[in-house]
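Written out below as structure tokens is the structure these notes cover.
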Amino acid sequence: MTEITFENLQQYRRDLHLIPELALAEFKTHAYLLQKIKSWQNETMTVRTVDALPTAILVRFQGRNPKRTIGYRSDIDALPIVEQTGLSFQSTHAGVMHACGHDVHMTLALGLIQYYSQHQPMDNLVIFFQPAEESKSGGKLAYDLGLFEGEWRPDEFYGIHDQPDLPAGTLSTLAGTLFAGTAELVVDVHGQGGHAAYPHLVKDPIVAASELIVQLQTVVSRSVDPIAGGVVSIGVINGGQANNVIPDNVHFEGTVRSMTRIGLENMIKRIRQIAAGIALANDIVIDVSLETGSYLPVENNPELANQVIDFMQSRDDISFQIARPAMTGEDFGYLLQQIPGVMLWLGVNDDHALHSPKLSIDESALLPGFTALKDFIEWRMNN
């Protein structure tokens, strides 16, 4: 039998880092993963692809004496970011980068498949390579297509997310909500433009948009329980082309986040109320789009999370910390609304944040991350 080594994992990670692809276009990534998986395939494994979601892959291991089906999910897409790491294995796809660590998530999944192709698991095991986490709601697409029906439905689902702020190889989670739910905010303010010297003859969308952006800050400060918290941040604003012309339209975009599903719904309701009031006051039209897609709060199942925590803390050879909730968004939250499970941080020790063009994970995290995950799954299958 072949031992899973750091060198194996490092090679998978570097190969995948070279070929990042955007949501629902992960075709080279899919081909690489499938080639590796099929090279290990045996009679205990079933490999499944889906025409309706062509870059997704599911791998199922038949257990020796199954009591349950355990699932592990890895996202596979990348971000529209120009890489600035200078690594020898820097992205070969212009303007696209694995800046959120999905190359690491896939590496751990490949390690699990390689291991269990040589050691038939006690329970059934499903590994899911999910496209479109960063956008296009891949988790929801997969669930709505029925990918987890029948023997393919995990009884419990696990996932890993990189964390640059943690030491390399350190695992971290909590029993409760780990990540926020998010809604993508898109606003178009439609006024009536004209010459800036005659403001009384126009319906100024810039003034109305400015008023709306300022008032949106009161959603968190005055409509959200301060203990619960929330985020409304605007990241894009466009309007006008000349300094002496008031435009017809202003467009802006942002993100809305809450640690609870109810909190997110209440914030969305309040944003719509504020926009309607400002539209009425300024005699203009404001179109508001707030899409949650599959980015619901990542709510760890308390019972399963406590089992993970107890296991990790019982092992002297595993570095573990209790996590604090984060406003990070992750579409694993949608799957956890349907199937109980747990997401964990894996420390990758870098000075740059997730989604930074300079993010360069510490590869020494790979083997301890894989080992802790594999050992937990082994323990869970025997308990």
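By order of appearance in the structure tokens: chains A, B, ..., then residues from 1 within every chain, and ligands from 1 in the order shown.
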
Enumerate as a PDB file with N, CA and C atoms, in the first residue's frame all residues of segment 311-352 of chain A assigned to alpha helix (DSSP H) by DSSP on the backbone, naming them with the chain letters and numbers the document uses.
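states-v1.pdb written:
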```pdb
ATOM      1  N   PHE A 311     -12.827  15.105  19.866  1.00  0.00           N
ATOM      2  CA  PHE A 311     -11.805  14.270  19.234  1.00  0.00           C
ATOM      3  C   PHE A 311     -10.509  15.051  19.038  1.00  0.00           C
ATOM      4  N   MET A 312     -10.607  16.238  18.459  1.00  0.00           N
ATOM      5  CA  MET A 312      -9.405  17.030  18.167  1.00  0.00           C
ATOM      6  C   MET A 312      -8.651  17.372  19.452  1.00  0.00           C
ATOM      7  N   GLN A 313      -9.394  17.740  20.495  1.00  0.00           N
ATOM      8  CA  GLN A 313      -8.745  18.122  21.747  1.00  0.00           C
ATOM      9  C   GLN A 313      -8.143  16.927  22.483  1.00  0.00           C
ATOM     10  N   SER A 314      -8.613  15.727  22.169  1.00  0.00           N
ATOM     11  CA  SER A 314      -8.086  14.532  22.843  1.00  0.00           C
ATOM     12  C   SER A 314      -6.755  14.072  22.271  1.00  0.00           C
ATOM     13  N   PHE A 332     -21.461  26.318   1.690  1.00  0.00           N
ATOM     14  CA  PHE A 332     -21.672  25.090   2.448  1.00  0.00           C
ATOM     15  C   PHE A 332     -22.822  25.275   3.435  1.00  0.00           C
ATOM     16  N   GLY A 333     -23.097  26.547   3.764  1.00  0.00           N
ATOM     17  CA  GLY A 333     -24.206  26.850   4.655  1.00  0.00           C
ATOM     18  C   GLY A 333     -25.529  26.324   4.130  1.00  0.00           C
ATOM     19  N   TYR A 334     -25.721  26.367   2.808  1.00  0.00           N
ATOM     20  CA  TYR A 334     -26.967  25.851   2.246  1.00  0.00           C
ATOM     21  C   TYR A 334     -27.082  24.349   2.483  1.00  0.00           C
ATOM     22  N   LEU A 335     -25.985  23.620   2.240  1.00  0.00           N
ATOM     23  CA  LEU A 335     -26.016  22.173   2.432  1.00  0.00           C
ATOM     24  C   LEU A 335     -26.239  21.819   3.907  1.00  0.00           C
ATOM     25  N   LEU A 336     -25.673  22.623   4.807  1.00  0.00           N
ATOM     26  CA  LEU A 336     -25.856  22.348   6.239  1.00  0.00           C
ATOM     27  C   LEU A 336     -27.273  22.656   6.708  1.00  0.00           C
ATOM     28  N   GLN A 337     -28.035  23.424   5.916  1.00  0.00           N
ATOM     29  CA  GLN A 337     -29.452  23.606   6.234  1.00  0.00           C
ATOM     30  C   GLN A 337     -30.252  22.357   5.877  1.00  0.00           C
ATOM     31  N   GLN A 338     -29.692  21.519   4.989  1.00  0.00           N
ATOM     32  CA  GLN A 338     -30.389  20.324   4.525  1.00  0.00           C
ATOM     33  C   GLN A 338     -29.877  19.054   5.207  1.00  0.00           C
TER      34      GLN A 338
END
```

Please report as a tab-separated table every residue of segment 10-119 of chain A lying within 10 Å of segment 129-148 of chain A, along with the nearest atom pair and their distance in Å (one decimal), using only C-alpha atoms.
```
residue	atom	partner	partner_atom	distance
A:Glu21	CA	A:Ala132	CA	9.7
A:Leu22	CA	A:Ala132	CA	7.3
A:Ala23	CA	A:Ala132	CA	4.0
A:Leu24	CA	A:Ala132	CA	5.6
A:Ala25	CA	A:Pro131	CA	8.2
A:Glu26	CA	A:Pro131	CA	7.0
A:Phe27	CA	A:Pro131	CA	9.9
A:Thr29	CA	A:Pro131	CA	9.9
A:His30	CA	A:Phe129	CA	8.7
A:Leu33	CA	A:Phe129	CA	8.8
A:Arg48	CA	A:Leu147	CA	9.7
A:Thr49	CA	A:Leu147	CA	9.7
A:Val50	CA	A:Leu147	CA	8.3
A:Ala52	CA	A:Leu145	CA	7.8
A:Leu53	CA	A:Ala142	CA	7.3
A:Pro54	CA	A:Pro131	CA	8.9
A:Thr55	CA	A:Pro131	CA	6.2
A:Ala56	CA	A:Gln130	CA	5.4
A:Ile57	CA	A:Phe129	CA	5.1
A:Leu58	CA	A:Phe129	CA	6.3
A:Val59	CA	A:Phe129	CA	8.6
A:Tyr72	CA	A:Phe129	CA	8.7
A:Arg73	CA	A:Phe129	CA	6.1
A:Ser74	CA	A:Phe129	CA	5.0
A:Asp75	CA	A:Gln130	CA	4.6
A:Ile76	CA	A:Pro131	CA	5.3
A:Asp77	CA	A:Ala132	CA	5.6
A:Ala78	CA	A:Glu134	CA	7.1
A:Leu79	CA	A:Glu134	CA	7.0
A:Pro80	CA	A:Glu134	CA	9.8
A:Cys100	CA	A:Glu134	CA	8.9
A:His102	CA	A:Glu133	CA	9.4
A:His105	CA	A:Phe129	CA	9.3
A:Met106	CA	A:Phe129	CA	7.4
A:Ala109	CA	A:Phe129	CA	8.1
A:Leu110	CA	A:Phe129	CA	9.7
```

As a PDB file with C-alpha atoms, in the first residue's frame, please: every residue in segment 144-376 of chain A that a backbone DSSP assignment puts in strand (DSSP E).
```
ATOM      1  CA  GLU A 156     -23.578  13.999   8.074  1.00  0.00           C
ATOM      2  CA  PHE A 157     -21.432  16.356   5.994  1.00  0.00           C
ATOM      3  CA  TYR A 158     -17.981  17.841   6.732  1.00  0.00           C
ATOM      4  CA  GLY A 159     -15.946  20.555   5.046  1.00  0.00           C
ATOM      5  CA  ILE A 160     -12.703  22.493   5.455  1.00  0.00           C
ATOM      6  CA  HIS A 161     -11.957  26.182   4.827  1.00  0.00           C
ATOM      7  CA  ASP A 162      -8.499  27.779   4.812  1.00  0.00           C
ATOM      8  CA  GLN A 163      -7.664  30.375   7.481  1.00  0.00           C
ATOM      9  CA  LEU A 171      -7.775  22.997  13.017  1.00  0.00           C
ATOM     10  CA  SER A 172     -10.520  25.169  14.462  1.00  0.00           C
ATOM     11  CA  THR A 173     -14.307  25.102  14.744  1.00  0.00           C
ATOM     12  CA  THR A 177     -22.783  29.274  13.656  1.00  0.00           C
ATOM     13  CA  LEU A 178     -19.280  29.526  12.221  1.00  0.00           C
ATOM     14  CA  PHE A 179     -19.848  31.800   9.193  1.00  0.00           C
ATOM     15  CA  ALA A 180     -22.450  34.409   8.335  1.00  0.00           C
ATOM     16  CA  GLY A 181     -25.221  34.200   5.810  1.00  0.00           C
ATOM     17  CA  THR A 182     -24.875  36.708   2.983  1.00  0.00           C
ATOM     18  CA  ALA A 183     -27.009  38.526   0.435  1.00  0.00           C
ATOM     19  CA  GLU A 184     -25.579  40.288  -2.588  1.00  0.00           C
ATOM     20  CA  LEU A 185     -27.017  43.795  -2.863  1.00  0.00           C
ATOM     21  CA  VAL A 186     -27.482  45.423  -6.281  1.00  0.00           C
ATOM     22  CA  VAL A 187     -29.200  48.832  -6.508  1.00  0.00           C
ATOM     23  CA  ASP A 188     -30.139  50.949  -9.517  1.00  0.00           C
ATOM     24  CA  VAL A 189     -31.339  54.485  -8.832  1.00  0.00           C
ATOM     25  CA  HIS A 190     -33.305  55.916 -11.788  1.00  0.00           C
ATOM     26  CA  GLY A 194     -29.847  67.337 -16.855  1.00  0.00           C
ATOM     27  CA  HIS A 195     -27.471  70.293 -16.666  1.00  0.00           C
ATOM     28  CA  VAL A 231     -22.702  43.906   8.031  1.00  0.00           C
ATOM     29  CA  VAL A 232     -23.870  46.211   5.240  1.00  0.00           C
ATOM     30  CA  SER A 233     -20.939  47.262   3.042  1.00  0.00           C
ATOM     31  CA  ILE A 234     -20.949  48.954  -0.357  1.00  0.00           C
ATOM     32  CA  GLY A 235     -18.100  47.991  -2.676  1.00  0.00           C
ATOM     33  CA  VAL A 236     -19.108  49.399  -6.089  1.00  0.00           C
ATOM     34  CA  ILE A 237     -20.661  52.699  -7.169  1.00  0.00           C
ATOM     35  CA  ASN A 238     -21.014  54.077 -10.694  1.00  0.00           C
ATOM     36  CA  VAL A 245     -24.028  66.927 -15.945  1.00  0.00           C
ATOM     37  CA  ILE A 246     -26.395  65.238 -13.529  1.00  0.00           C
ATOM     38  CA  ASN A 249     -28.928  56.699 -13.276  1.00  0.00           C
ATOM     39  CA  VAL A 250     -26.609  55.563 -10.486  1.00  0.00           C
ATOM     40  CA  HIS A 251     -25.664  51.946  -9.857  1.00  0.00           C
ATOM     41  CA  PHE A 252     -24.125  50.515  -6.710  1.00  0.00           C
ATOM     42  CA  GLU A 253     -23.435  47.081  -5.211  1.00  0.00           C
ATOM     43  CA  GLY A 254     -22.567  45.681  -1.827  1.00  0.00           C
ATOM     44  CA  THR A 255     -22.915  42.787   0.583  1.00  0.00           C
ATOM     45  CA  VAL A 256     -25.266  42.161   3.502  1.00  0.00           C
ATOM     46  CA  ARG A 257     -24.318  39.646   6.204  1.00  0.00           C
ATOM     47  CA  SER A 258     -25.803  38.197   9.372  1.00  0.00           C
ATOM     48  CA  VAL A 285     -37.403  54.867  -8.922  1.00  0.00           C
ATOM     49  CA  ILE A 286     -35.033  52.629  -6.948  1.00  0.00           C
ATOM     50  CA  ASP A 287     -34.660  48.985  -7.982  1.00  0.00           C
ATOM     51  CA  VAL A 288     -33.200  46.754  -5.262  1.00  0.00           C
ATOM     52  CA  SER A 289     -31.968  43.202  -5.796  1.00  0.00           C
ATOM     53  CA  LEU A 290     -30.943  41.133  -2.773  1.00  0.00           C
ATOM     54  CA  GLU A 291     -29.945  37.581  -3.667  1.00  0.00           C
ATOM     55  CA  VAL A 298     -22.827  28.016   8.161  1.00  0.00           C
ATOM     56  CA  GLU A 299     -24.573  26.505  11.181  1.00  0.00           C
ATOM     57  CA  PHE A 320      -6.749  22.664  17.680  1.00  0.00           C
ATOM     58  CA  GLN A 321      -8.406  25.915  18.739  1.00  0.00           C
ATOM     59  CA  ILE A 322     -12.016  26.810  19.466  1.00  0.00           C
ATOM     60  CA  ALA A 326     -16.733  35.091  11.409  1.00  0.00           C
ATOM     61  CA  MET A 327     -18.574  37.211   8.847  1.00  0.00           C
ATOM     62  CA  THR A 328     -17.086  35.066   6.083  1.00  0.00           C
ATOM     63  CA  GLY A 329     -19.649  33.718   3.591  1.00  0.00           C
ATOM     64  CA  GLY A 341     -22.623  18.628   9.533  1.00  0.00           C
ATOM     65  CA  VAL A 342     -19.585  20.681  10.480  1.00  0.00           C
ATOM     66  CA  MET A 343     -17.193  23.066   8.763  1.00  0.00           C
ATOM     67  CA  LEU A 344     -13.708  23.596  10.180  1.00  0.00           C
ATOM     68  CA  TRP A 345     -10.978  26.139   9.607  1.00  0.00           C
ATOM     69  CA  LEU A 346      -7.548  24.836   8.592  1.00  0.00           C
ATOM     70  CA  GLY A 347      -4.716  27.223   9.414  1.00  0.00           C
TER      71      GLY A 347
END
```

Next item on the list: Please provide the set of residues having any atom within 8 Å of segment 271-280 of chain A, restricted to only C-alpha atoms, with same-chain residues fewer than 3 positions apart removed, written as a list in words.
Entry: Ala208, Glu211, Leu212, Gln215, Leu216, Val219, Met267, Ile268, Asp283, Ile284, Val285, Ile286 and Val288 of chain A

Margin query: I need the residue nearest Asn383 of chain A from this list: A:Gln307, A:Asn8, A:Asn282, A:Gln217. Use only C-alpha atoms for the distance.
Written below: A:Gln307

Shell around Leu367 of chain A at 6 Å using only C-alpha atoms, local window under 3 positions removed, as a CSV table (one decimal) with N, CA and C atoms, in the first residue's frame:
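Saved as part34.csv:
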```
chain,number,residue,atom,x,y,z
A,6,PHE,N,3.5,14.0,2.4
A,6,PHE,CA,3.5,15.4,2.1
A,6,PHE,C,3.7,15.7,0.7
A,370,PHE,N,-4.7,16.9,6.4
A,370,PHE,CA,-5.2,15.7,5.9
A,370,PHE,C,-5.3,14.6,7.0
A,371,THR,N,-4.2,14.5,7.8
A,371,THR,CA,-4.2,13.5,8.9
A,371,THR,C,-5.3,13.7,9.9
```

Checklist line | Atomic separation - atom CA of Lys374 of chain A relative to atom CA of Gln118 of chain A, Å | finding: 13.1 Å
